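Undergrad: Handing you a structure now.
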Amino acid sequence: MIRSMTGYGSATVTRESGTVTVEARSVNSRGLKVVVKAPPGRERWESELRALAESRARRGRLDLFVRVEGTPDAGGASLDEARVREVLDACARLRDDFGVSGEPDVASLLRVGGIFRTAGGEGAEFVPETDDVKQAAAEALDLLVEMREREGDRLEVDLRGRLAGLRNAIDGAEALAPERLERERRRLRDAVEDLAGKGLDEDRLLREIALIADRWEISEELVRARSHVEAFEEFLEAPADEPVGRRLGFLVQELQREFNTLGAKANDSRISRLVVEAKNEIERLREQVENVE
(Lines give C-alpha, C1' and ligand atoms only; values in the text may rest on other atoms or scores of the structure.)
Protein backbone atom coordinates (compact mmCIF):
# COMPACT_ATOMS: atom_id res chain seq x y z
CA MET A 1 0.00 0.00 0.00
CA ILE A 2 1.40 3.40 -0.94
CA ARG A 3 0.60 6.92 0.15
CA SER A 4 0.43 10.12 -1.80
CA MET A 5 2.37 13.14 -0.55
CA THR A 6 -0.67 15.39 -1.09
CA GLY A 7 -3.20 15.73 1.70
CA TYR A 8 -5.26 18.03 3.91
CA GLY A 9 -6.85 17.85 7.34
CA SER A 10 -8.39 20.29 9.80
CA ALA A 11 -9.57 19.90 13.40
CA THR A 12 -10.84 22.19 16.15
CA VAL A 13 -10.87 21.85 19.93
CA THR A 14 -13.45 24.06 21.65
CA ARG A 15 -13.29 25.26 25.23
CA GLU A 16 -15.51 27.68 27.17
CA SER A 17 -13.28 30.67 26.55
CA GLY A 18 -12.25 29.95 22.97
CA THR A 19 -11.21 27.55 20.24
CA VAL A 20 -7.97 26.32 18.73
CA THR A 21 -7.95 25.11 15.13
CA VAL A 22 -5.12 23.35 13.34
CA GLU A 23 -4.98 22.92 9.56
CA ALA A 24 -2.51 20.45 8.08
CA ARG A 25 -1.53 20.54 4.42
CA SER A 26 1.10 18.54 2.56
CA VAL A 27 2.55 18.62 -0.95
CA ASN A 28 5.40 16.93 -2.84
CA SER A 29 8.97 17.29 -1.62
CA ARG A 30 12.20 15.31 -1.98
CA GLY A 31 12.42 14.82 1.78
CA LEU A 32 10.34 15.70 4.83
CA LYS A 33 9.98 19.37 5.71
CA VAL A 34 7.62 20.46 8.49
CA VAL A 35 6.65 24.12 8.87
CA VAL A 36 4.60 25.26 11.88
CA LYS A 37 2.83 28.62 11.70
CA ALA A 38 1.41 29.68 15.07
CA PRO A 39 0.20 33.04 16.46
CA PRO A 40 2.90 35.40 17.78
CA GLY A 41 4.22 34.31 21.14
CA ARG A 42 3.14 30.69 20.69
CA GLU A 43 6.39 29.40 19.23
CA ARG A 44 6.74 27.03 22.19
CA TRP A 45 4.27 24.68 20.47
CA GLU A 46 6.47 24.25 17.43
CA SER A 47 8.73 21.41 18.61
CA GLU A 48 5.86 19.26 19.85
CA LEU A 49 3.76 19.83 16.74
CA ARG A 50 6.76 19.08 14.56
CA ALA A 51 7.26 15.78 16.40
CA LEU A 52 3.60 14.88 15.83
CA ALA A 53 3.95 15.58 12.11
CA GLU A 54 7.19 13.61 11.80
CA SER A 55 5.54 10.61 13.47
CA ARG A 56 2.92 10.46 10.71
CA ALA A 57 4.84 11.33 7.53
CA ARG A 58 8.21 10.45 6.01
CA ARG A 59 8.26 12.62 2.89
CA GLY A 60 6.62 15.80 1.66
CA ARG A 61 6.39 19.42 2.74
CA LEU A 62 3.91 19.56 5.60
CA ASP A 63 2.51 22.88 6.85
CA LEU A 64 0.66 23.21 10.15
CA PHE A 65 -1.41 26.38 10.66
CA VAL A 66 -2.56 27.08 14.23
CA ARG A 67 -5.43 29.53 14.75
CA VAL A 68 -6.62 30.65 18.19
CA GLU A 69 -9.92 32.48 18.68
CA GLY A 70 -11.52 33.70 21.90
CA THR A 71 -15.23 33.19 22.51
CA PRO A 72 -17.08 36.37 21.38
CA ASP A 73 -19.10 36.71 24.58
CA ALA A 74 -16.11 36.10 26.84
CA GLY A 75 -15.55 39.84 27.11
CA GLY A 76 -14.55 42.88 25.10
CA ALA A 77 -11.26 43.54 23.38
CA SER A 78 -8.65 45.40 25.39
CA LEU A 79 -5.47 47.07 24.28
CA ASP A 80 -2.25 45.23 25.07
CA GLU A 81 -0.23 48.28 26.01
CA ALA A 82 2.99 46.35 26.56
CA ARG A 83 2.72 44.88 23.07
CA VAL A 84 2.13 48.33 21.55
CA ARG A 85 5.21 49.73 23.33
CA GLU A 86 7.30 46.82 22.01
CA VAL A 87 6.19 47.51 18.45
CA LEU A 88 6.77 51.27 18.73
CA ASP A 89 10.20 50.74 20.27
CA ALA A 90 11.10 48.36 17.42
CA CYS A 91 9.98 50.98 14.88
CA ALA A 92 12.13 53.59 16.60
CA ARG A 93 15.17 51.30 16.42
CA LEU A 94 14.53 50.75 12.71
CA ARG A 95 14.48 54.52 12.20
CA ASP A 96 17.45 55.39 14.42
CA ASP A 97 19.76 52.44 13.87
CA PHE A 98 19.00 51.49 10.27
CA GLY A 99 17.78 54.74 8.75
CA VAL A 100 14.33 53.40 7.82
CA SER A 101 12.05 56.34 7.03
CA GLY A 102 8.41 56.75 7.99
CA GLU A 103 6.30 56.75 11.13
CA PRO A 104 4.00 53.98 12.42
CA ASP A 105 0.28 54.67 12.26
CA VAL A 106 -2.83 52.85 13.46
CA ALA A 107 -3.21 50.89 10.22
CA SER A 108 0.39 49.70 10.46
CA LEU A 109 -0.05 48.64 14.09
CA LEU A 110 -3.20 46.69 13.26
CA ARG A 111 -1.33 44.76 10.56
CA VAL A 112 1.32 43.74 13.09
CA GLY A 113 -1.31 41.91 15.15
CA GLY A 114 -1.31 40.97 18.81
CA ILE A 115 -1.99 44.51 20.08
CA PHE A 116 -5.50 43.57 21.24
CA ARG A 117 -6.48 40.77 23.58
CA THR A 118 -9.83 39.22 24.31
CA ALA A 119 -10.73 39.60 27.93
CA GLY A 120 -12.19 36.67 29.82
CA GLY A 121 -13.71 36.69 33.28
CA GLU A 122 -10.45 37.93 34.78
CA GLY A 123 -9.39 40.05 31.82
CA ALA A 124 -6.96 37.39 30.52
CA GLU A 125 -6.32 36.65 26.87
CA PHE A 126 -7.49 33.20 25.77
CA VAL A 127 -4.45 30.93 25.68
CA PRO A 128 -5.26 27.29 24.88
CA GLU A 129 -3.60 24.51 26.81
CA THR A 130 -0.75 22.82 24.98
CA ASP A 131 -2.62 19.50 25.21
CA ASP A 132 -5.58 21.07 23.37
CA VAL A 133 -3.28 22.32 20.61
CA LYS A 134 -1.67 18.88 20.34
CA GLN A 135 -5.10 17.22 20.22
CA ALA A 136 -6.25 19.45 17.38
CA ALA A 137 -2.98 18.88 15.53
CA ALA A 138 -3.16 15.10 15.99
CA GLU A 139 -6.72 14.96 14.67
CA ALA A 140 -5.87 17.18 11.70
CA LEU A 141 -2.82 15.05 10.89
CA ASP A 142 -4.86 11.85 11.11
CA LEU A 143 -7.30 13.27 8.56
CA LEU A 144 -4.38 14.33 6.36
CA VAL A 145 -2.92 10.80 6.49
CA GLU A 146 -6.32 9.31 5.59
CA MET A 147 -6.48 11.57 2.54
CA ARG A 148 -2.91 10.64 1.56
CA GLU A 149 -3.83 6.96 1.80
CA ARG A 150 -6.98 7.39 -0.31
CA GLU A 151 -4.96 9.23 -2.95
CA GLY A 152 -2.33 6.50 -2.68
CA ASP A 153 -4.97 3.87 -3.47
CA ARG A 154 -5.88 5.74 -6.65
CA LEU A 155 -2.21 6.09 -7.57
CA GLU A 156 -1.67 2.37 -7.07
CA VAL A 157 -4.49 1.47 -9.46
CA ASP A 158 -2.96 3.68 -12.13
CA LEU A 159 0.58 2.41 -11.52
CA ARG A 160 -0.50 -1.23 -11.77
CA GLY A 161 -2.20 -0.46 -15.06
CA ARG A 162 1.04 1.04 -16.39
CA LEU A 163 3.00 -1.99 -15.20
CA ALA A 164 0.58 -4.28 -17.03
CA GLY A 165 1.32 -2.32 -20.21
CA LEU A 166 5.05 -2.85 -19.66
CA ARG A 167 4.53 -6.57 -19.13
CA ASN A 168 2.65 -6.76 -22.42
CA ALA A 169 5.50 -4.98 -24.19
CA ILE A 170 8.08 -7.33 -22.67
CA ASP A 171 6.05 -10.43 -23.58
CA GLY A 172 5.51 -9.15 -27.09
CA ALA A 173 9.18 -8.37 -27.68
CA GLU A 174 10.15 -11.74 -26.26
CA ALA A 175 7.82 -13.52 -28.68
CA LEU A 176 9.07 -11.56 -31.70
CA ALA A 177 12.79 -11.78 -30.96
CA PRO A 178 13.50 -15.31 -32.39
CA GLU A 179 11.49 -14.63 -35.54
CA ARG A 180 13.48 -11.53 -36.43
CA LEU A 181 16.78 -13.41 -36.09
CA GLU A 182 15.56 -16.21 -38.35
CA ARG A 183 14.32 -13.67 -40.87
CA GLU A 184 17.70 -11.95 -40.90
CA ARG A 185 19.45 -15.32 -41.28
CA ARG A 186 17.42 -16.04 -44.42
CA ARG A 187 18.02 -12.56 -45.79
CA LEU A 188 21.75 -12.79 -45.23
CA ARG A 189 21.97 -16.27 -46.77
CA ASP A 190 20.08 -15.15 -49.89
CA ALA A 191 22.29 -12.08 -50.25
CA VAL A 192 25.50 -14.10 -49.95
CA GLU A 193 24.28 -16.76 -52.37
CA ASP A 194 23.50 -14.08 -54.93
CA LEU A 195 27.03 -12.70 -54.60
CA ALA A 196 29.00 -15.90 -54.17
CA GLY A 197 26.95 -18.36 -56.16
CA LYS A 198 28.10 -21.92 -55.54
CA GLY A 199 31.14 -20.72 -53.59
CA LEU A 200 29.10 -20.09 -50.43
CA ASP A 201 31.17 -20.69 -47.28
CA GLU A 202 28.60 -22.11 -44.84
CA ASP A 203 30.91 -21.79 -41.81
CA ARG A 204 31.65 -18.13 -42.57
CA LEU A 205 27.97 -17.49 -43.02
CA LEU A 206 27.15 -19.09 -39.69
CA ARG A 207 29.81 -16.99 -37.95
CA GLU A 208 28.40 -13.79 -39.45
CA ILE A 209 24.91 -14.77 -38.36
CA ALA A 210 26.22 -15.50 -34.86
CA LEU A 211 27.81 -12.04 -34.68
CA ILE A 212 24.57 -10.38 -35.78
CA ALA A 213 22.59 -12.44 -33.30
CA ASP A 214 24.95 -11.34 -30.52
CA ARG A 215 24.57 -7.67 -31.43
CA TRP A 216 20.79 -8.02 -31.56
CA GLU A 217 20.42 -10.20 -28.49
CA ILE A 218 17.79 -8.62 -26.24
CA SER A 219 17.09 -11.42 -23.77
CA GLU A 220 19.17 -9.79 -21.02
CA GLU A 221 17.32 -6.49 -21.37
CA LEU A 222 13.99 -8.31 -21.27
CA VAL A 223 14.97 -10.29 -18.17
CA ARG A 224 16.13 -7.15 -16.35
CA ALA A 225 13.05 -5.17 -17.39
CA ARG A 226 10.77 -7.95 -16.16
CA SER A 227 12.72 -8.06 -12.88
CA HIS A 228 12.27 -4.30 -12.41
CA VAL A 229 8.53 -4.60 -12.99
CA GLU A 230 8.30 -7.37 -10.39
CA ALA A 231 10.33 -5.31 -7.88
CA PHE A 232 8.04 -2.33 -8.53
CA GLU A 233 5.00 -4.48 -7.73
CA GLU A 234 6.63 -5.74 -4.53
CA PHE A 235 7.19 -2.18 -3.33
CA LEU A 236 3.52 -1.43 -3.96
CA GLU A 237 2.75 -4.12 -1.37
CA ALA A 238 4.97 -2.51 1.29
CA PRO A 239 3.35 -1.32 4.57
CA ALA A 240 1.64 2.05 4.32
CA ASP A 241 4.07 3.69 6.76
CA GLU A 242 7.11 2.61 4.71
CA PRO A 243 8.13 5.31 2.21
CA VAL A 244 8.92 3.74 -1.16
CA GLY A 245 8.67 6.71 -3.53
CA ARG A 246 12.42 7.12 -4.01
CA ARG A 247 12.93 3.42 -4.68
CA LEU A 248 10.11 3.44 -7.21
CA GLY A 249 11.76 6.44 -8.87
CA PHE A 250 15.01 4.50 -9.15
CA LEU A 251 13.21 1.55 -10.77
CA VAL A 252 11.59 3.91 -13.28
CA GLN A 253 15.07 5.10 -14.29
CA GLU A 254 16.26 1.50 -14.70
CA LEU A 255 13.23 0.61 -16.81
CA GLN A 256 13.91 3.61 -19.02
CA ARG A 257 17.50 2.46 -19.48
CA GLU A 258 16.52 -1.11 -20.44
CA PHE A 259 13.92 -0.02 -22.97
CA ASN A 260 16.32 2.51 -24.51
CA THR A 261 18.79 -0.32 -25.08
CA LEU A 262 16.01 -2.59 -26.33
CA GLY A 263 14.96 0.02 -28.88
CA ALA A 264 18.54 0.43 -30.10
CA LYS A 265 18.91 -3.32 -30.60
CA ALA A 266 15.45 -4.10 -31.92
CA ASN A 267 15.97 -3.84 -35.70
CA ASP A 268 12.31 -4.77 -36.06
CA SER A 269 9.42 -2.40 -36.66
CA ARG A 270 7.03 -4.35 -34.47
CA ILE A 271 9.41 -4.45 -31.52
CA SER A 272 10.15 -0.75 -32.04
CA ARG A 273 6.44 0.02 -31.75
CA LEU A 274 6.28 -1.96 -28.52
CA VAL A 275 9.25 -0.01 -27.18
CA VAL A 276 7.57 3.31 -28.01
CA GLU A 277 4.42 2.22 -26.19
CA ALA A 278 6.49 1.05 -23.22
CA LYS A 279 8.34 4.36 -23.02
CA ASN A 280 5.02 6.16 -22.94
CA GLU A 281 3.96 4.01 -19.97
CA ILE A 282 7.30 4.66 -18.25
CA GLU A 283 6.84 8.42 -18.61
CA ARG A 284 3.41 8.13 -16.97
CA LEU A 285 4.98 6.05 -14.21
CA ARG A 286 7.59 8.76 -13.67
CA GLU A 287 4.93 11.46 -13.34
CA GLN A 288 2.89 9.47 -10.84
CA VAL A 289 5.83 8.23 -8.77
CA GLU A 290 6.83 11.84 -8.08
CA ASN A 291 3.77 12.05 -5.81
CA VAL A 292 4.41 8.82 -3.88
CA GLU A 293 5.66 9.18 -0.32
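Residue numbering restarts at 1 for every chain of the C-alpha coordinates, chains are lettered A, B, ... in their displayed order, and ligands are numbered from 1 as they appear.
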With only C-alpha atoms as the counted atoms, please give the residues lying no more than 8 Å from region 224-231 of chain A, apart from itself and same-chain residues fewer than 4 positions off, as a ChimeraX atom specification.

TA: /A:163,166-167,170,220,235,251,254-255,258-259

Undergrad: For the selection just defined, write its residues with all heavy atoms to a file, as an mmCIF file, in the first residue's frame.

TA:
data_model
loop_
_atom_site.group_PDB
_atom_site.id
_atom_site.type_symbol
_atom_site.label_atom_id
_atom_site.label_comp_id
_atom_site.auth_asym_id
_atom_site.auth_seq_id
_atom_site.Cartn_x
_atom_site.Cartn_y
_atom_site.Cartn_z
ATOM 1 N N LEU A 163 2.127 -0.821 -15.271
ATOM 2 C CA LEU A 163 3.004 -1.994 -15.202
ATOM 3 C C LEU A 163 2.478 -3.124 -16.087
ATOM 4 O O LEU A 163 3.263 -3.856 -16.703
ATOM 5 C CB LEU A 163 3.116 -2.476 -13.754
ATOM 6 C CG LEU A 163 3.840 -1.529 -12.785
ATOM 7 C CD1 LEU A 163 3.768 -2.084 -11.363
ATOM 8 C CD2 LEU A 163 5.287 -1.325 -13.203
ATOM 9 N N LEU A 166 3.644 -2.488 -19.483
ATOM 10 C CA LEU A 166 5.051 -2.852 -19.662
ATOM 11 C C LEU A 166 5.224 -4.361 -19.799
ATOM 12 O O LEU A 166 6.030 -4.840 -20.600
ATOM 13 C CB LEU A 166 5.874 -2.341 -18.481
ATOM 14 C CG LEU A 166 6.043 -0.824 -18.368
ATOM 15 C CD1 LEU A 166 6.875 -0.465 -17.149
ATOM 16 C CD2 LEU A 166 6.685 -0.258 -19.626
ATOM 17 N N ARG A 167 4.467 -5.106 -19.017
ATOM 18 C CA ARG A 167 4.535 -6.574 -19.134
ATOM 19 C C ARG A 167 4.129 -7.019 -20.542
ATOM 20 O O ARG A 167 4.751 -7.917 -21.127
ATOM 21 C CB ARG A 167 3.625 -7.220 -18.100
ATOM 22 C CG ARG A 167 4.193 -7.270 -16.696
ATOM 23 C CD ARG A 167 3.277 -8.106 -15.794
ATOM 24 N NE ARG A 167 3.797 -8.194 -14.457
ATOM 25 C CZ ARG A 167 4.727 -9.051 -14.058
ATOM 26 N NH1 ARG A 167 5.271 -9.883 -14.946
ATOM 27 N NH2 ARG A 167 5.127 -9.078 -12.803
ATOM 28 N N ILE A 170 6.995 -6.362 -22.872
ATOM 29 C CA ILE A 170 8.080 -7.331 -22.668
ATOM 30 C C ILE A 170 7.717 -8.673 -23.281
ATOM 31 O O ILE A 170 8.526 -9.294 -23.994
ATOM 32 C CB ILE A 170 8.387 -7.470 -21.163
ATOM 33 C CG1 ILE A 170 8.969 -6.170 -20.615
ATOM 34 C CG2 ILE A 170 9.354 -8.626 -20.919
ATOM 35 C CD1 ILE A 170 9.068 -6.125 -19.100
ATOM 36 N N GLU A 220 18.744 -10.347 -22.298
ATOM 37 C CA GLU A 220 19.173 -9.790 -21.022
ATOM 38 C C GLU A 220 18.365 -8.549 -20.656
ATOM 39 O O GLU A 220 17.969 -8.362 -19.498
ATOM 40 C CB GLU A 220 20.660 -9.449 -21.074
ATOM 41 C CG GLU A 220 21.568 -10.668 -21.161
ATOM 42 C CD GLU A 220 23.040 -10.289 -21.117
ATOM 43 O OE1 GLU A 220 23.323 -9.072 -20.928
ATOM 44 O OE2 GLU A 220 23.885 -11.174 -21.262
ATOM 45 N N PHE A 235 7.189 -3.404 -4.118
ATOM 46 C CA PHE A 235 7.190 -2.176 -3.330
ATOM 47 C C PHE A 235 5.773 -1.637 -3.139
ATOM 48 O O PHE A 235 5.480 -1.006 -2.118
ATOM 49 C CB PHE A 235 8.071 -1.112 -3.984
ATOM 50 C CG PHE A 235 9.545 -1.348 -3.786
ATOM 51 C CD1 PHE A 235 10.431 -1.258 -4.854
ATOM 52 C CD2 PHE A 235 10.044 -1.665 -2.545
ATOM 53 C CE1 PHE A 235 11.789 -1.473 -4.674
ATOM 54 C CE2 PHE A 235 11.405 -1.887 -2.355
ATOM 55 C CZ PHE A 235 12.273 -1.790 -3.428
ATOM 56 N N LEU A 251 13.619 2.618 -9.848
ATOM 57 C CA LEU A 251 13.210 1.551 -10.768
ATOM 58 C C LEU A 251 12.706 2.123 -12.089
ATOM 59 O O LEU A 251 12.917 1.529 -13.151
ATOM 60 C CB LEU A 251 12.122 0.695 -10.115
ATOM 61 C CG LEU A 251 12.589 -0.223 -8.984
ATOM 62 C CD1 LEU A 251 11.405 -0.914 -8.324
ATOM 63 C CD2 LEU A 251 13.580 -1.258 -9.505
ATOM 64 N N GLU A 254 15.690 2.740 -14.174
ATOM 65 C CA GLU A 254 16.256 1.501 -14.699
ATOM 66 C C GLU A 254 15.407 0.953 -15.847
ATOM 67 O O GLU A 254 15.938 0.442 -16.837
ATOM 68 C CB GLU A 254 16.367 0.463 -13.575
ATOM 69 C CG GLU A 254 17.384 0.828 -12.503
ATOM 70 C CD GLU A 254 18.766 1.028 -13.095
ATOM 71 O OE1 GLU A 254 19.297 0.086 -13.719
ATOM 72 O OE2 GLU A 254 19.323 2.138 -12.946
ATOM 73 N N LEU A 255 14.101 1.051 -15.721
ATOM 74 C CA LEU A 255 13.229 0.611 -16.812
ATOM 75 C C LEU A 255 13.465 1.445 -18.068
ATOM 76 O O LEU A 255 13.495 0.918 -19.181
ATOM 77 C CB LEU A 255 11.760 0.701 -16.377
ATOM 78 C CG LEU A 255 11.258 -0.401 -15.450
ATOM 79 C CD1 LEU A 255 9.923 -0.016 -14.824
ATOM 80 C CD2 LEU A 255 11.113 -1.720 -16.212
ATOM 81 N N GLU A 258 16.653 0.177 -19.742
ATOM 82 C CA GLU A 258 16.519 -1.113 -20.438
ATOM 83 C C GLU A 258 15.754 -0.967 -21.745
ATOM 84 O O GLU A 258 16.121 -1.560 -22.768
ATOM 85 C CB GLU A 258 15.817 -2.129 -19.527
ATOM 86 C CG GLU A 258 16.556 -2.455 -18.242
ATOM 87 C CD GLU A 258 17.951 -2.978 -18.459
ATOM 88 O OE1 GLU A 258 18.252 -3.492 -19.560
ATOM 89 O OE2 GLU A 258 18.775 -2.878 -17.522
ATOM 90 N N PHE A 259 14.707 -0.169 -21.748
ATOM 91 C CA PHE A 259 13.925 -0.020 -22.973
ATOM 92 C C PHE A 259 14.650 0.851 -23.998
ATOM 93 O O PHE A 259 14.436 0.684 -25.206
ATOM 94 C CB PHE A 259 12.523 0.519 -22.663
ATOM 95 C CG PHE A 259 11.556 -0.559 -22.264
ATOM 96 C CD1 PHE A 259 11.313 -0.846 -20.940
ATOM 97 C CD2 PHE A 259 10.919 -1.322 -23.232
ATOM 98 C CE1 PHE A 259 10.439 -1.850 -20.574
ATOM 99 C CE2 PHE A 259 10.041 -2.332 -22.884
ATOM 100 C CZ PHE A 259 9.799 -2.602 -21.545
#

Undergrad: Could you pull the residues within 10 Å of region 87-104 of chain A, counting only C-alpha atoms, minus those fewer than 4 positions along the same chain, as number ranges by chain?

TA: A: 81-83, 108-109, 112-115

Undergrad: So which bits of region 50-113 of chain A end up strand (DSSP E or B) when you DSSP the backbone, as number ranges by chain?

TA: A: 60-70, 77-79

Undergrad: Quick one: pull the distance between CA of Thr6 (chain A) and CA of Ala38 (chain A), Å, one decimal.

TA: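 Rounded to one decimal, the two atoms are 21.7 Å apart.
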
Undergrad: Write out as a list in words which residues come within 12 Å of Lys33 (chain A) when counting only C-alpha atoms, dropping same-chain ones fewer than 4 positions away.

TA: Met5, Arg25, Ser26, Val27, Asn28, Ser29, Arg50, Ala51, Ala53, Glu54, Ala57, Arg58, Arg59, Gly60, Arg61, Leu62, Asp63 and Leu64 of chain A

Undergrad: Only N, CA, C and O atoms, please: the residues just picked out, written as a PDB file, in the first residue's frame.

TA:
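Contents of result-v9.pdb, freshly written:
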ATOM      1  N   MET A   5       1.808  12.082  -1.390  1.00  0.00           N
ATOM      2  CA  MET A   5       2.367  13.142  -0.549  1.00  0.00           C
ATOM      3  C   MET A   5       1.434  14.337  -0.455  1.00  0.00           C
ATOM      4  O   MET A   5       1.769  15.332   0.193  1.00  0.00           O
ATOM      5  N   ARG A  25      -1.571  20.684   5.874  1.00  0.00           N
ATOM      6  CA  ARG A  25      -1.530  20.536   4.420  1.00  0.00           C
ATOM      7  C   ARG A  25      -0.175  19.967   4.020  1.00  0.00           C
ATOM      8  O   ARG A  25       0.843  20.330   4.600  1.00  0.00           O
ATOM      9  N   SER A  26      -0.173  19.099   3.024  1.00  0.00           N
ATOM     10  CA  SER A  26       1.102  18.538   2.562  1.00  0.00           C
ATOM     11  C   SER A  26       1.131  18.481   1.044  1.00  0.00           C
ATOM     12  O   SER A  26       0.103  18.260   0.400  1.00  0.00           O
ATOM     13  N   VAL A  27       2.326  18.676   0.496  1.00  0.00           N
ATOM     14  CA  VAL A  27       2.550  18.617  -0.945  1.00  0.00           C
ATOM     15  C   VAL A  27       3.864  17.872  -1.193  1.00  0.00           C
ATOM     16  O   VAL A  27       4.569  17.485  -0.259  1.00  0.00           O
ATOM     17  N   ASN A  28       4.198  17.689  -2.468  1.00  0.00           N
ATOM     18  CA  ASN A  28       5.399  16.932  -2.840  1.00  0.00           C
ATOM     19  C   ASN A  28       6.673  17.617  -2.345  1.00  0.00           C
ATOM     20  O   ASN A  28       6.779  18.838  -2.330  1.00  0.00           O
ATOM     21  N   SER A  29       7.650  16.785  -1.977  1.00  0.00           N
ATOM     22  CA  SER A  29       8.972  17.285  -1.618  1.00  0.00           C
ATOM     23  C   SER A  29       9.941  16.112  -1.653  1.00  0.00           C
ATOM     24  O   SER A  29       9.546  14.964  -1.439  1.00  0.00           O
ATOM     25  N   ARG A  50       5.856  19.650  15.560  1.00  0.00           N
ATOM     26  CA  ARG A  50       6.762  19.082  14.559  1.00  0.00           C
ATOM     27  C   ARG A  50       6.952  17.582  14.802  1.00  0.00           C
ATOM     28  O   ARG A  50       6.957  16.786  13.869  1.00  0.00           O
ATOM     29  N   ALA A  51       7.092  17.205  16.077  1.00  0.00           N
ATOM     30  CA  ALA A  51       7.257  15.782  16.403  1.00  0.00           C
ATOM     31  C   ALA A  51       6.013  14.989  16.012  1.00  0.00           C
ATOM     32  O   ALA A  51       6.118  13.859  15.506  1.00  0.00           O
ATOM     33  N   ALA A  53       3.959  15.688  13.567  1.00  0.00           N
ATOM     34  CA  ALA A  53       3.947  15.576  12.106  1.00  0.00           C
ATOM     35  C   ALA A  53       4.952  14.530  11.639  1.00  0.00           C
ATOM     36  O   ALA A  53       4.660  13.713  10.752  1.00  0.00           O
ATOM     37  N   GLU A  54       6.148  14.541  12.224  1.00  0.00           N
ATOM     38  CA  GLU A  54       7.186  13.607  11.801  1.00  0.00           C
ATOM     39  C   GLU A  54       6.843  12.167  12.148  1.00  0.00           C
ATOM     40  O   GLU A  54       7.377  11.243  11.533  1.00  0.00           O
ATOM     41  N   ALA A  57       4.419  11.183   8.930  1.00  0.00           N
ATOM     42  CA  ALA A  57       4.837  11.328   7.528  1.00  0.00           C
ATOM     43  C   ALA A  57       6.340  11.137   7.418  1.00  0.00           C
ATOM     44  O   ALA A  57       7.089  11.415   8.365  1.00  0.00           O
ATOM     45  N   ARG A  58       6.779  10.664   6.258  1.00  0.00           N
ATOM     46  CA  ARG A  58       8.206  10.447   6.007  1.00  0.00           C
ATOM     47  C   ARG A  58       8.740  11.334   4.881  1.00  0.00           C
ATOM     48  O   ARG A  58       9.913  11.621   4.817  1.00  0.00           O
ATOM     49  N   ARG A  59       7.852  11.742   3.991  1.00  0.00           N
ATOM     50  CA  ARG A  59       8.259  12.620   2.888  1.00  0.00           C
ATOM     51  C   ARG A  59       7.159  13.635   2.643  1.00  0.00           C
ATOM     52  O   ARG A  59       5.994  13.420   2.952  1.00  0.00           O
ATOM     53  N   GLY A  60       7.567  14.760   2.024  1.00  0.00           N
ATOM     54  CA  GLY A  60       6.624  15.802   1.660  1.00  0.00           C
ATOM     55  C   GLY A  60       6.847  17.060   2.487  1.00  0.00           C
ATOM     56  O   GLY A  60       7.433  17.019   3.569  1.00  0.00           O
ATOM     57  N   ARG A  61       6.388  18.174   1.963  1.00  0.00           N
ATOM     58  CA  ARG A  61       6.386  19.416   2.742  1.00  0.00           C
ATOM     59  C   ARG A  61       5.050  19.482   3.459  1.00  0.00           C
ATOM     60  O   ARG A  61       3.983  19.432   2.833  1.00  0.00           O
ATOM     61  N   LEU A  62       5.115  19.592   4.781  1.00  0.00           N
ATOM     62  CA  LEU A  62       3.909  19.561   5.605  1.00  0.00           C
ATOM     63  C   LEU A  62       3.817  20.868   6.383  1.00  0.00           C
ATOM     64  O   LEU A  62       4.709  21.189   7.167  1.00  0.00           O
ATOM     65  N   ASP A  63       2.740  21.614   6.160  1.00  0.00           N
ATOM     66  CA  ASP A  63       2.508  22.885   6.846  1.00  0.00           C
ATOM     67  C   ASP A  63       1.395  22.727   7.871  1.00  0.00           C
ATOM     68  O   ASP A  63       0.309  22.206   7.545  1.00  0.00           O
ATOM     69  N   LEU A  64       1.670  23.190   9.083  1.00  0.00           N
ATOM     70  CA  LEU A  64       0.659  23.212  10.148  1.00  0.00           C
ATOM     71  C   LEU A  64       0.326  24.662  10.476  1.00  0.00           C
ATOM     72  O   LEU A  64       1.215  25.447  10.828  1.00  0.00           O
TER      73      LEU A  64
END

Undergrad: For region 154-156 of chain A, please output as an MDAnalysis selection string all residues within 9 Å (counting only C-alpha atoms; exclusion window: fewer than 5 positions along the same chain).

TA: chainID A and resid 1:4 149 161 236 288:289 291:292

Undergrad: Mind pulling up the distance from CA of Glu23 (chain A) to CA of Gly9 (chain A)?

TA: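 CA of Glu23 (chain A) lies at a distance of 5.8 Å from CA of Gly9 (chain A).
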
Undergrad: Would you pick out the contacts of Ala138 (chain A) at 12 Å or less, using only C-alpha atoms, so that residues sharing its chain but fewer than 3 positions from it are not included, and give the list as a list in words?

TA: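 My list of contacting residues is Gly9, Ser10, Ala11, Thr12, Val13, Thr21, Val22, Glu23, Ala24, Glu48, Leu49, Arg50, Ala51, Leu52, Ala53, Glu54, Ser55, Arg56, Leu64, Asp131, Asp132, Val133, Lys134, Gln135, Leu141, Asp142, Leu143, Leu144 and Val145 of chain A.
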
Undergrad: Could you jot down the CA of Glu234 (chain A) to CA of Gly263 (chain A) separation for me, Å, one decimal place?

TA: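 Atom-to-atom, CA of Glu234 (chain A) to CA of Gly263 (chain A), that is 26.4 Å.
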